[in-house]
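Asks: Below you will find the structure I want to go over with you.
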Amino acid sequence: MEAEGLDWLLVPLHRLVSWGAAAAMVFGGVVPYIPQYRDIRRTQNADGFSTHVCLVLLVANILRILFWFGRRFESPLLWQSVVMTLTMLLMLKLCTEVRVASELNLKRRSFAASRWCSCGPVGTPSRQPTSC
């Protein structure tokens with residue numbers, strides 16, 4: 001009699017715990033990348049971040065999604081793969097943008113530096129070349 005009397009509390013509690021566990025599985029893999037994303041975006045420096053790890057995780061999650069079509073498994077694991085795939089694509093996009101911008105700045109600096117020789121500026125139409 002007591003077990004039936006507590007069903008009104010235990011059933012919703014069980015559903016709540018199940019939904020919480022599923023949400024933790026889906027979004028738990030993304031949480032460590034949030035501080036990295038913010039740090040890379042703030043500093044505009046992606047030197048410490050390995051894009052090879054993104055590649056491996058991207059391939060693994062795509063394979064898991066493809067495996068789901070052949071043999072169905074729990075939907076939270078499928079959603080975890082979808083969320084992780086989107087996260088890895090977002091991280092790769094950010095790292096690519098930061099590295100391209102960094103390389104462009106480096107090339108601009110080296111181009112500007114090449115316009116100066118060791119003893120002064122190289123001759124341009126408005127300036128006469130200096131003799132060393």
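So you can find residues: chains in the structure tokens are A, B, ... in the order shown, residues in each start at 1, and ligands are numbered from 1 in order.
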List the spatial neighbours of A:Gln44 as a list in words - criterion: any atom at most 10 Å away, only C-alpha atoms, same-chain residues fewer than 5 positions off excluded.

Replies: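 Once the adjacent positions are removed, what remains is Arg38, Asp39, Leu94, Cys95, Glu97, Val98, Arg99, Ala101 and Ser102 of chain A.
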
Asks: How would the residues just chosen look if you wrote them out with C-alpha atoms as an mmCIF file, in the first residue's frame?

Replies:
```
data_model
loop_
_atom_site.group_PDB
_atom_site.id
_atom_site.type_symbol
_atom_site.label_atom_id
_atom_site.label_comp_id
_atom_site.auth_asym_id
_atom_site.auth_seq_id
_atom_site.Cartn_x
_atom_site.Cartn_y
_atom_site.Cartn_z
ATOM 1 C CA ARG A 38 36.284 31.739 -25.124
ATOM 2 C CA ASP A 39 40.055 31.850 -24.505
ATOM 3 C CA LEU A 94 37.376 29.499 -34.979
ATOM 4 C CA CYS A 95 40.903 28.043 -35.059
ATOM 5 C CA GLU A 97 39.950 32.039 -38.698
ATOM 6 C CA VAL A 98 42.415 32.873 -35.930
ATOM 7 C CA ARG A 99 45.347 31.139 -37.630
ATOM 8 C CA ALA A 101 44.371 36.177 -39.449
ATOM 9 C CA SER A 102 47.608 35.539 -37.558
#
```

Asks: Skipping near chain neighbours, those fewer than 3 positions away, what residues fall within 12 Å of A:Lys93 using only C-alpha atoms, listed as a VMD selection string?

Replies: chain A and resid 37 40 to 41 46 51 54 86 to 90 96 to 100

Asks: Within 10 Å of stretch 16-25 of chain A, which residues of stretch 68-96 of chain A come that close, and what is the closest atom pair and distance in Å for each? Count only C-alpha atoms and give it as CSV.

Replies:
```
residue,atom,partner,partner_atom,distance
A:Glu74,CA,A:Ala22,CA,9.8
A:Ser75,CA,A:Ala22,CA,8.9
A:Pro76,CA,A:Ala22,CA,5.7
A:Leu77,CA,A:Met25,CA,7.2
A:Trp79,CA,A:Met25,CA,9.0
A:Gln80,CA,A:Met25,CA,6.7
```
